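One file, input-v9.pdb, carrying PDB, N, CA and C atoms and all ligand atoms:
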```pdb
MODEL        1
ATOM      1  N   MET U 249     -25.898  97.859-133.588
ATOM      2  CA  MET U 249     -25.310  98.724-132.551
ATOM      3  C   MET U 249     -26.273  99.881-132.268
ATOM      4  N   ASP U 250     -26.760  99.962-131.048
ATOM      5  CA  ASP U 250     -27.713 101.009-130.692
ATOM      6  C   ASP U 250     -27.131 101.859-129.579
ATOM      7  N   CYS U 251     -26.901 103.144-129.874
ATOM      8  CA  CYS U 251     -26.270 104.038-128.908
ATOM      9  C   CYS U 251     -27.146 104.248-127.663
ATOM     10  N   TYR U 252     -28.450 104.070-127.811
ATOM     11  CA  TYR U 252     -29.353 104.312-126.685
ATOM     12  C   TYR U 252     -29.022 103.401-125.512
ATOM     13  N   TYR U 253     -28.602 102.176-125.793
ATOM     14  CA  TYR U 253     -28.315 101.203-124.754
ATOM     15  C   TYR U 253     -26.848 101.199-124.334
ATOM     16  N   CYS U 254     -26.036 102.042-124.968
ATOM     17  CA  CYS U 254     -24.600 102.019-124.704
ATOM     18  C   CYS U 254     -24.271 102.821-123.446
ATOM     19  N   SER U 255     -23.485 102.236-122.549
ATOM     20  CA  SER U 255     -23.133 102.928-121.310
ATOM     21  C   SER U 255     -22.101 104.028-121.551
ATOM     22  N   ALA U 256     -21.522 104.075-122.738
ATOM     23  CA  ALA U 256     -20.531 105.108-123.062
ATOM     24  C   ALA U 256     -21.165 106.303-123.763
ATOM     25  N   LYS U 257     -22.484 106.303-123.920
ATOM     26  CA  LYS U 257     -23.125 107.335-124.751
ATOM     27  C   LYS U 257     -22.904 108.754-124.218
ATOM     28  N   ASN U 258     -22.744 108.890-122.894
ATOM     29  CA  ASN U 258     -22.532 110.220-122.333
ATOM     30  C   ASN U 258     -21.110 110.720-122.544
ATOM     31  N   GLU U 259     -20.182 109.795-122.756
ATOM     32  CA  GLU U 259     -18.779 110.154-122.933
ATOM     33  C   GLU U 259     -18.414 110.237-124.413
ATOM     34  N   CYS U 260     -19.198 109.611-125.229
ATOM     35  CA  CYS U 260     -18.871 109.451-126.637
ATOM     36  C   CYS U 260     -19.253 110.711-127.421
ATOM     37  N   SER U 261     -18.440 111.064-128.409
ATOM     38  CA  SER U 261     -18.755 112.187-129.283
ATOM     39  C   SER U 261     -19.863 111.810-130.260
ATOM     40  N   GLU U 262     -20.696 112.782-130.613
ATOM     41  CA  GLU U 262     -21.760 112.501-131.588
ATOM     42  C   GLU U 262     -21.199 112.224-132.968
ATOM     43  N   ALA U 263     -19.953 112.643-133.186
ATOM     44  CA  ALA U 263     -19.325 112.426-134.487
ATOM     45  C   ALA U 263     -18.891 110.978-134.674
ATOM     46  N   VAL U 264     -18.834 110.220-133.564
ATOM     47  CA  VAL U 264     -18.377 108.839-133.651
ATOM     48  C   VAL U 264     -19.451 107.968-134.275
ATOM     49  N   GLN U 265     -19.072 107.231-135.291
ATOM     50  CA  GLN U 265     -20.010 106.337-135.958
ATOM     51  C   GLN U 265     -20.274 105.100-135.101
ATOM     52  N   PRO U 266     -21.531 104.722-134.904
ATOM     53  CA  PRO U 266     -21.820 103.482-134.176
ATOM     54  C   PRO U 266     -21.143 102.291-134.843
ATOM     55  N   GLY U 267     -20.461 101.479-134.042
ATOM     56  CA  GLY U 267     -19.797 100.305-134.582
ATOM     57  C   GLY U 267     -18.387 100.564-135.075
ATOM     58  N   SER U 268     -17.957 101.840-135.065
ATOM     59  CA  SER U 268     -16.604 102.146-135.521
ATOM     60  C   SER U 268     -15.586 101.772-134.450
ATOM     61  N   VAL U 269     -14.306 101.882-134.789
ATOM     62  CA  VAL U 269     -13.251 101.524-133.843
ATOM     63  C   VAL U 269     -13.310 102.423-132.610
ATOM     64  N   VAL U 270     -13.516 103.728-132.814
ATOM     65  CA  VAL U 270     -13.590 104.657-131.682
ATOM     66  C   VAL U 270     -14.773 104.299-130.789
ATOM     67  N   CYS U 271     -15.890 103.953-131.404
ATOM     68  CA  CYS U 271     -17.070 103.506-130.669
ATOM     69  C   CYS U 271     -16.750 102.305-129.787
ATOM     70  N   LEU U 272     -16.053 101.323-130.362
ATOM     71  CA  LEU U 272     -15.733 100.113-129.616
ATOM     72  C   LEU U 272     -14.790 100.421-128.458
ATOM     73  N   ILE U 273     -13.811 101.318-128.706
ATOM     74  CA  ILE U 273     -12.865 101.682-127.652
ATOM     75  C   ILE U 273     -13.597 102.384-126.516
ATOM     76  N   ASN U 274     -14.497 103.296-126.855
ATOM     77  CA  ASN U 274     -15.286 103.983-125.834
ATOM     78  C   ASN U 274     -16.112 102.998-125.017
ATOM     79  N   GLN U 275     -16.683 102.052-125.685
ATOM     80  CA  GLN U 275     -17.473 101.048-124.977
ATOM     81  C   GLN U 275     -16.618 100.260-124.002
ATOM     82  N   LEU U 276     -15.410  99.912-124.444
ATOM     83  CA  LEU U 276     -14.521  99.154-123.570
ATOM     84  C   LEU U 276     -14.157  99.979-122.341
ATOM     85  N   HIS U 277     -13.876 101.268-122.543
ATOM     86  CA  HIS U 277     -13.459 102.128-121.440
ATOM     87  C   HIS U 277     -14.595 102.404-120.458
ATOM     88  N   HIS U 278     -15.817 102.291-120.899
ATOM     89  CA  HIS U 278     -16.941 102.648-120.036
ATOM     90  C   HIS U 278     -17.848 101.467-119.739
ATOM     91  N   GLY U 279     -17.297 100.299-119.827
ATOM     92  CA  GLY U 279     -18.066  99.116-119.422
ATOM     93  C   GLY U 279     -18.932  98.552-120.524
ATOM     94  N   GLY U 280     -19.328  99.399-121.458
ATOM     95  CA  GLY U 280     -19.990  98.952-122.675
ATOM     96  C   GLY U 280     -21.198  98.072-122.477
ATOM     97  N   THR U 281     -21.711  97.607-123.565
ATOM     98  CA  THR U 281     -22.883  96.748-123.551
ATOM     99  C   THR U 281     -22.493  95.294-123.759
ATOM    100  N   LYS U 282     -21.210  95.077-124.012
ATOM    101  CA  LYS U 282     -20.789  93.743-124.409
ATOM    102  C   LYS U 282     -20.871  92.727-123.280
ATOM    103  N   ALA U 283     -20.800  93.189-122.034
ATOM    104  CA  ALA U 283     -20.828  92.267-120.905
ATOM    105  C   ALA U 283     -22.134  91.491-120.879
ATOM    106  N   ASN U 284     -23.187  92.086-121.436
ATOM    107  CA  ASN U 284     -24.497  91.442-121.417
ATOM    108  C   ASN U 284     -24.746  90.623-122.675
ATOM    109  N   VAL U 285     -23.854  90.750-123.618
ATOM    110  CA  VAL U 285     -24.061  90.099-124.908
ATOM    111  C   VAL U 285     -23.077  88.950-125.056
ATOM    112  N   GLN U 286     -23.576  87.802-125.410
ATOM    113  CA  GLN U 286     -22.711  86.657-125.646
ATOM    114  C   GLN U 286     -21.832  86.950-126.857
ATOM    115  N   PRO U 287     -20.511  86.865-126.673
ATOM    116  CA  PRO U 287     -19.652  87.148-127.819
ATOM    117  C   PRO U 287     -19.829  86.131-128.932
ATOM    118  N   ILE U 288     -19.759  86.607-130.144
ATOM    119  CA  ILE U 288     -19.890  85.738-131.307
ATOM    120  C   ILE U 288     -18.500  85.248-131.688
ATOM    121  N   ARG U 289     -18.342  83.934-131.689
ATOM    122  CA  ARG U 289     -17.045  83.355-132.013
ATOM    123  C   ARG U 289     -16.902  83.190-133.518
ATOM    124  N   GLN U 290     -15.796  83.695-134.024
ATOM    125  CA  GLN U 290     -15.538  83.432-135.430
ATOM    126  C   GLN U 290     -14.915  82.055-135.559
ATOM    127  N   PRO U 291     -15.168  81.376-136.668
ATOM    128  CA  PRO U 291     -14.578  80.053-136.853
ATOM    129  C   PRO U 291     -13.078  80.151-137.111
ATOM    130  N   GLY U 292     -12.347  79.102-136.732
ATOM    131  CA  GLY U 292     -10.916  79.073-136.982
ATOM    132  C   GLY U 292     -10.160  79.890-135.968
ATOM    133  N   GLU U 293      -8.841  79.863-136.055
ATOM    134  CA  GLU U 293      -8.024  80.572-135.076
ATOM    135  C   GLU U 293      -7.210  81.696-135.705
ATOM    136  N   PHE U 294      -7.681  82.159-136.862
ATOM    137  CA  PHE U 294      -7.010  83.267-137.517
ATOM    138  C   PHE U 294      -7.969  84.438-137.669
ATOM    139  N   CYS U 295      -7.441  85.664-137.551
ATOM    140  CA  CYS U 295      -8.246  86.875-137.629
ATOM    141  C   CYS U 295      -8.927  86.978-138.991
ATOM    142  N   GLN U 296     -10.235  87.281-138.956
ATOM    143  CA  GLN U 296     -10.968  87.381-140.213
ATOM    144  C   GLN U 296     -10.689  88.696-140.937
ATOM    145  N   PHE U 297     -10.032  89.649-140.257
ATOM    146  CA  PHE U 297      -9.736  90.935-140.882
ATOM    147  C   PHE U 297      -8.340  90.972-141.491
ATOM    148  N   CYS U 298      -7.356  90.419-140.787
ATOM    149  CA  CYS U 298      -5.983  90.538-141.287
ATOM    150  C   CYS U 298      -5.287  89.195-141.458
ATOM    151  N   GLY U 299      -5.872  88.104-140.959
ATOM    152  CA  GLY U 299      -5.288  86.784-141.170
ATOM    153  C   GLY U 299      -4.247  86.383-140.149
ATOM    154  N   GLN U 300      -3.947  87.266-139.177
ATOM    155  CA  GLN U 300      -3.000  86.907-138.117
ATOM    156  C   GLN U 300      -3.595  85.845-137.208
ATOM    157  N   LYS U 301      -2.711  85.044-136.632
ATOM    158  CA  LYS U 301      -3.173  84.053-135.652
ATOM    159  C   LYS U 301      -3.725  84.793-134.435
ATOM    160  N   LEU U 302      -4.838  84.303-133.899
ATOM    161  CA  LEU U 302      -5.467  84.953-132.756
ATOM    162  C   LEU U 302      -4.750  84.573-131.466
ATOM    163  N   LYS U 303      -4.743  85.532-130.540
ATOM    164  CA  LYS U 303      -4.119  85.342-129.236
ATOM    165  C   LYS U 303      -5.233  85.057-128.238
ATOM    166  N   THR U 304      -5.086  83.990-127.474
ATOM    167  CA  THR U 304      -6.120  83.621-126.510
ATOM    168  C   THR U 304      -5.718  84.075-125.115
ATOM    169  N   ILE U 305      -6.582  84.867-124.480
ATOM    170  CA  ILE U 305      -6.356  85.313-123.105
ATOM    171  C   ILE U 305      -7.553  84.853-122.286
ATOM    172  N   GLY U 306      -7.337  83.862-121.435
ATOM    173  CA  GLY U 306      -8.453  83.295-120.684
ATOM    174  C   GLY U 306      -9.457  82.689-121.640
ATOM    175  N   ARG U 307     -10.702  83.178-121.591
ATOM    176  CA  ARG U 307     -11.750  82.663-122.476
ATOM    177  C   ARG U 307     -11.984  83.595-123.647
ATOM    178  N   GLN U 308     -11.156  84.635-123.778
ATOM    179  CA  GLN U 308     -11.353  85.589-124.858
ATOM    180  C   GLN U 308     -10.237  85.474-125.879
ATOM    181  N   ARG U 309     -10.562  85.778-127.110
ATOM    182  CA  ARG U 309      -9.566  85.738-128.169
ATOM    183  C   ARG U 309      -9.463  87.107-128.818
ATOM    184  N   PHE U 310      -8.222  87.525-129.041
ATOM    185  CA  PHE U 310      -7.982  88.818-129.673
ATOM    186  C   PHE U 310      -6.989  88.642-130.805
ATOM    187  N   CYS U 311      -7.025  89.582-131.741
ATOM    188  CA  CYS U 311      -6.033  89.587-132.805
ATOM    189  C   CYS U 311      -4.701  90.083-132.254
ATOM    190  N   ALA U 312      -3.611  89.448-132.623
ATOM    191  CA  ALA U 312      -2.294  89.815-132.124
ATOM    192  C   ALA U 312      -1.658  90.932-132.941
ATOM    193  N   ASN U 313      -2.298  91.317-134.025
ATOM    194  CA  ASN U 313      -1.745  92.350-134.895
ATOM    195  C   ASN U 313      -2.095  93.746-134.356
ATOM    196  N   PRO U 314      -1.099  94.552-133.928
ATOM    197  CA  PRO U 314      -1.403  95.865-133.340
ATOM    198  C   PRO U 314      -1.995  96.852-134.336
ATOM    199  N   CYS U 315      -1.915  96.572-135.630
ATOM    200  CA  CYS U 315      -2.458  97.482-136.639
ATOM    201  C   CYS U 315      -3.879  97.092-137.054
ATOM    202  N   CYS U 316      -4.392  96.006-136.527
ATOM    203  CA  CYS U 316      -5.674  95.478-136.991
ATOM    204  C   CYS U 316      -6.844  96.154-136.277
ATOM    205  N   ILE U 317      -7.918  96.416-137.015
ATOM    206  CA  ILE U 317      -9.108  97.029-136.413
ATOM    207  C   ILE U 317      -9.795  96.047-135.470
ATOM    208  N   ASN U 318      -9.408  94.801-135.528
ATOM    209  CA  ASN U 318     -10.049  93.742-134.749
ATOM    210  C   ASN U 318      -9.394  93.547-133.389
ATOM    211  N   ARG U 319      -8.345  94.313-133.083
ATOM    212  CA  ARG U 319      -7.501  93.946-131.944
ATOM    213  C   ARG U 319      -8.151  94.146-130.575
ATOM    214  N   PHE U 320      -9.185  94.964-130.485
ATOM    215  CA  PHE U 320      -9.833  95.188-129.199
ATOM    216  C   PHE U 320     -11.077  94.338-129.029
ATOM    217  N   ARG U 321     -11.381  93.536-130.034
ATOM    218  CA  ARG U 321     -12.614  92.761-129.979
ATOM    219  C   ARG U 321     -12.331  91.321-129.589
ATOM    220  N   ASP U 322     -13.208  90.796-128.786
ATOM    221  CA  ASP U 322     -13.154  89.389-128.431
ATOM    222  C   ASP U 322     -13.785  88.614-129.564
ATOM    223  N   VAL U 323     -12.985  87.891-130.302
ATOM    224  CA  VAL U 323     -13.509  87.125-131.433
ATOM    225  C   VAL U 323     -13.480  85.671-131.084
TER     226      VAL U 323
HETATM  227 ZN    ZN K 401      -6.480  91.050-137.151
ENDMDL
END
```

Would it be possible to restate this file's structure as structure tokens?
Amino acid sequence: MDCYYCSAKNECSEAVQPGSVVCLINQLHHGGTKANVQPIRQPGEFCQFCGQKLKTIGRQRFCANPCCINRFRDV
């Protein structure tokens, strides 16, 4: 994760750790760098962080658990 290439860098606080949940949320809100990066698919259909079954929306998969740190990521 390199903040130099992140489109949210002007909106993001310097206190935010690169790769943290807040970082990911900021990236999502500001278009982020992910649109240019092929998402990495995790194997299986269960969340690797909490074990919940993944929810598929179109071509993207998200964790259905609202408490999971993985819920905003396309896995
Ligand atoms: Zn999860």

List as a PDB file with N, CA and C atoms, in the frame of the given file the protein and nucleic acid residues lying within 6.5 Å of ligand ZN 401 (chain K), with only N, CA and C atoms and all ligand atoms counted.
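After the write, selection-v9.pdb holds the following:
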```pdb
ATOM      1  N   CYS U 295      -7.441  85.664-137.551  1.00  0.00           N
ATOM      2  CA  CYS U 295      -8.246  86.875-137.629  1.00  0.00           C
ATOM      3  C   CYS U 295      -8.927  86.978-138.991  1.00  0.00           C
ATOM      4  N   GLN U 296     -10.235  87.281-138.956  1.00  0.00           N
ATOM      5  CA  GLN U 296     -10.968  87.381-140.213  1.00  0.00           C
ATOM      6  C   GLN U 296     -10.689  88.696-140.937  1.00  0.00           C
ATOM      7  N   PHE U 297     -10.032  89.649-140.257  1.00  0.00           N
ATOM      8  CA  PHE U 297      -9.736  90.935-140.882  1.00  0.00           C
ATOM      9  C   PHE U 297      -8.340  90.972-141.491  1.00  0.00           C
ATOM     10  N   CYS U 298      -7.356  90.419-140.787  1.00  0.00           N
ATOM     11  CA  CYS U 298      -5.983  90.538-141.287  1.00  0.00           C
ATOM     12  C   CYS U 298      -5.287  89.195-141.458  1.00  0.00           C
ATOM     13  N   GLY U 299      -5.872  88.104-140.959  1.00  0.00           N
ATOM     14  CA  GLY U 299      -5.288  86.784-141.170  1.00  0.00           C
ATOM     15  C   GLY U 299      -4.247  86.383-140.149  1.00  0.00           C
ATOM     16  N   GLN U 300      -3.947  87.266-139.177  1.00  0.00           N
ATOM     17  CA  GLN U 300      -3.000  86.907-138.117  1.00  0.00           C
ATOM     18  C   GLN U 300      -3.595  85.845-137.208  1.00  0.00           C
ATOM     19  N   CYS U 311      -7.025  89.582-131.741  1.00  0.00           N
ATOM     20  CA  CYS U 311      -6.033  89.587-132.805  1.00  0.00           C
ATOM     21  C   CYS U 311      -4.701  90.083-132.254  1.00  0.00           C
ATOM     22  N   ALA U 312      -3.611  89.448-132.623  1.00  0.00           N
ATOM     23  CA  ALA U 312      -2.294  89.815-132.124  1.00  0.00           C
ATOM     24  C   ALA U 312      -1.658  90.932-132.941  1.00  0.00           C
ATOM     25  N   ASN U 313      -2.298  91.317-134.025  1.00  0.00           N
ATOM     26  CA  ASN U 313      -1.745  92.350-134.895  1.00  0.00           C
ATOM     27  C   ASN U 313      -2.095  93.746-134.356  1.00  0.00           C
ATOM     28  N   CYS U 316      -4.392  96.006-136.527  1.00  0.00           N
ATOM     29  CA  CYS U 316      -5.674  95.478-136.991  1.00  0.00           C
ATOM     30  C   CYS U 316      -6.844  96.154-136.277  1.00  0.00           C
ATOM     31  N   ILE U 317      -7.918  96.416-137.015  1.00  0.00           N
ATOM     32  CA  ILE U 317      -9.108  97.029-136.413  1.00  0.00           C
ATOM     33  C   ILE U 317      -9.795  96.047-135.470  1.00  0.00           C
ATOM     34  N   ASN U 318      -9.408  94.801-135.528  1.00  0.00           N
ATOM     35  CA  ASN U 318     -10.049  93.742-134.749  1.00  0.00           C
ATOM     36  C   ASN U 318      -9.394  93.547-133.389  1.00  0.00           C
ATOM     37  N   ARG U 319      -8.345  94.313-133.083  1.00  0.00           N
ATOM     38  CA  ARG U 319      -7.501  93.946-131.944  1.00  0.00           C
ATOM     39  C   ARG U 319      -8.151  94.146-130.575  1.00  0.00           C
TER      40      ARG U 319
END
```

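All residues within chain U that the backbone DSSP calculation assigns to helix (DSSP H, G or I) are Cys251, Tyr252, Tyr253, Val269, Val270, Cys271, Leu272, Ile273, Asn274, Gln275, Leu276, His277, Lys282, Ala283 and Asn284 of chain U.
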
Residues near Asn274 (chain U), cut-off 8 Å, only C-alpha atoms, skip fewer than 3 positions along chain, as a PyMOL selection string
chain U and resi 256+259-260+270-271+277-278+280

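For the residues U:Arg289, U:Cys251, U:Phe310, U:Arg321, ranking by smallest atom-to-atom distance to Gly267 (chain U) using all atoms listed in the file places U:Cys251 first.
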
Just asking: which residues within chain U are strand (DSSP E) according to DSSP, as an mmCIF file with N, CA and C atoms, in the coordinates of the input?
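Result file selection.cif:
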```
data_model
loop_
_atom_site.group_PDB
_atom_site.id
_atom_site.type_symbol
_atom_site.label_atom_id
_atom_site.label_comp_id
_atom_site.auth_asym_id
_atom_site.auth_seq_id
_atom_site.Cartn_x
_atom_site.Cartn_y
_atom_site.Cartn_z
ATOM 1 N N LEU U 302 -4.838 84.303 -133.899
ATOM 2 C CA LEU U 302 -5.467 84.953 -132.756
ATOM 3 C C LEU U 302 -4.750 84.573 -131.466
ATOM 4 N N LYS U 303 -4.743 85.532 -130.540
ATOM 5 C CA LYS U 303 -4.119 85.342 -129.236
ATOM 6 C C LYS U 303 -5.233 85.057 -128.238
ATOM 7 N N THR U 304 -5.086 83.990 -127.474
ATOM 8 C CA THR U 304 -6.120 83.621 -126.510
ATOM 9 C C THR U 304 -5.718 84.075 -125.115
ATOM 10 N N ILE U 305 -6.582 84.867 -124.480
ATOM 11 C CA ILE U 305 -6.356 85.313 -123.105
ATOM 12 C C ILE U 305 -7.553 84.853 -122.286
ATOM 13 N N GLN U 308 -11.156 84.635 -123.778
ATOM 14 C CA GLN U 308 -11.353 85.589 -124.858
ATOM 15 C C GLN U 308 -10.237 85.474 -125.879
ATOM 16 N N ARG U 309 -10.562 85.778 -127.110
ATOM 17 C CA ARG U 309 -9.566 85.738 -128.169
ATOM 18 C C ARG U 309 -9.463 87.107 -128.818
ATOM 19 N N PHE U 310 -8.222 87.525 -129.041
ATOM 20 C CA PHE U 310 -7.982 88.818 -129.673
ATOM 21 C C PHE U 310 -6.989 88.642 -130.805
ATOM 22 N N CYS U 311 -7.025 89.582 -131.741
ATOM 23 C CA CYS U 311 -6.033 89.587 -132.805
ATOM 24 C C CYS U 311 -4.701 90.083 -132.254
#
```

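From atom N of Lys257 (chain U) back to atom N of Ile273 (chain U), the distance works out to 11.1 Å.
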
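If you look at atom N of Ser261 (chain U) and CA of Gln275 (chain U), they are 10.6 Å away from each other.
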
Kindly provide, as JSON, the centre and edge lengths (Å, one decimal) of an axis-aligned box around all atoms of region 260-274 of chain U given in the file, with 8 Å on each side.
```
{"center_x": -17.3, "center_y": 106.4, "center_z": -130.5, "size_x": 25.0, "size_y": 28.7, "size_z": 26.9}
```

If I take atom C of Thr304 (chain U) and atom N of Leu276 (chain U), how far is one from the other in Å, to one decimal?
18.6 Å

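Checking U:Val269, U:Phe294, U:Tyr253, U:Val323 one by one against Gln308 (chain U), counting only C-alpha atoms, you find the shortest gap at U:Val323.
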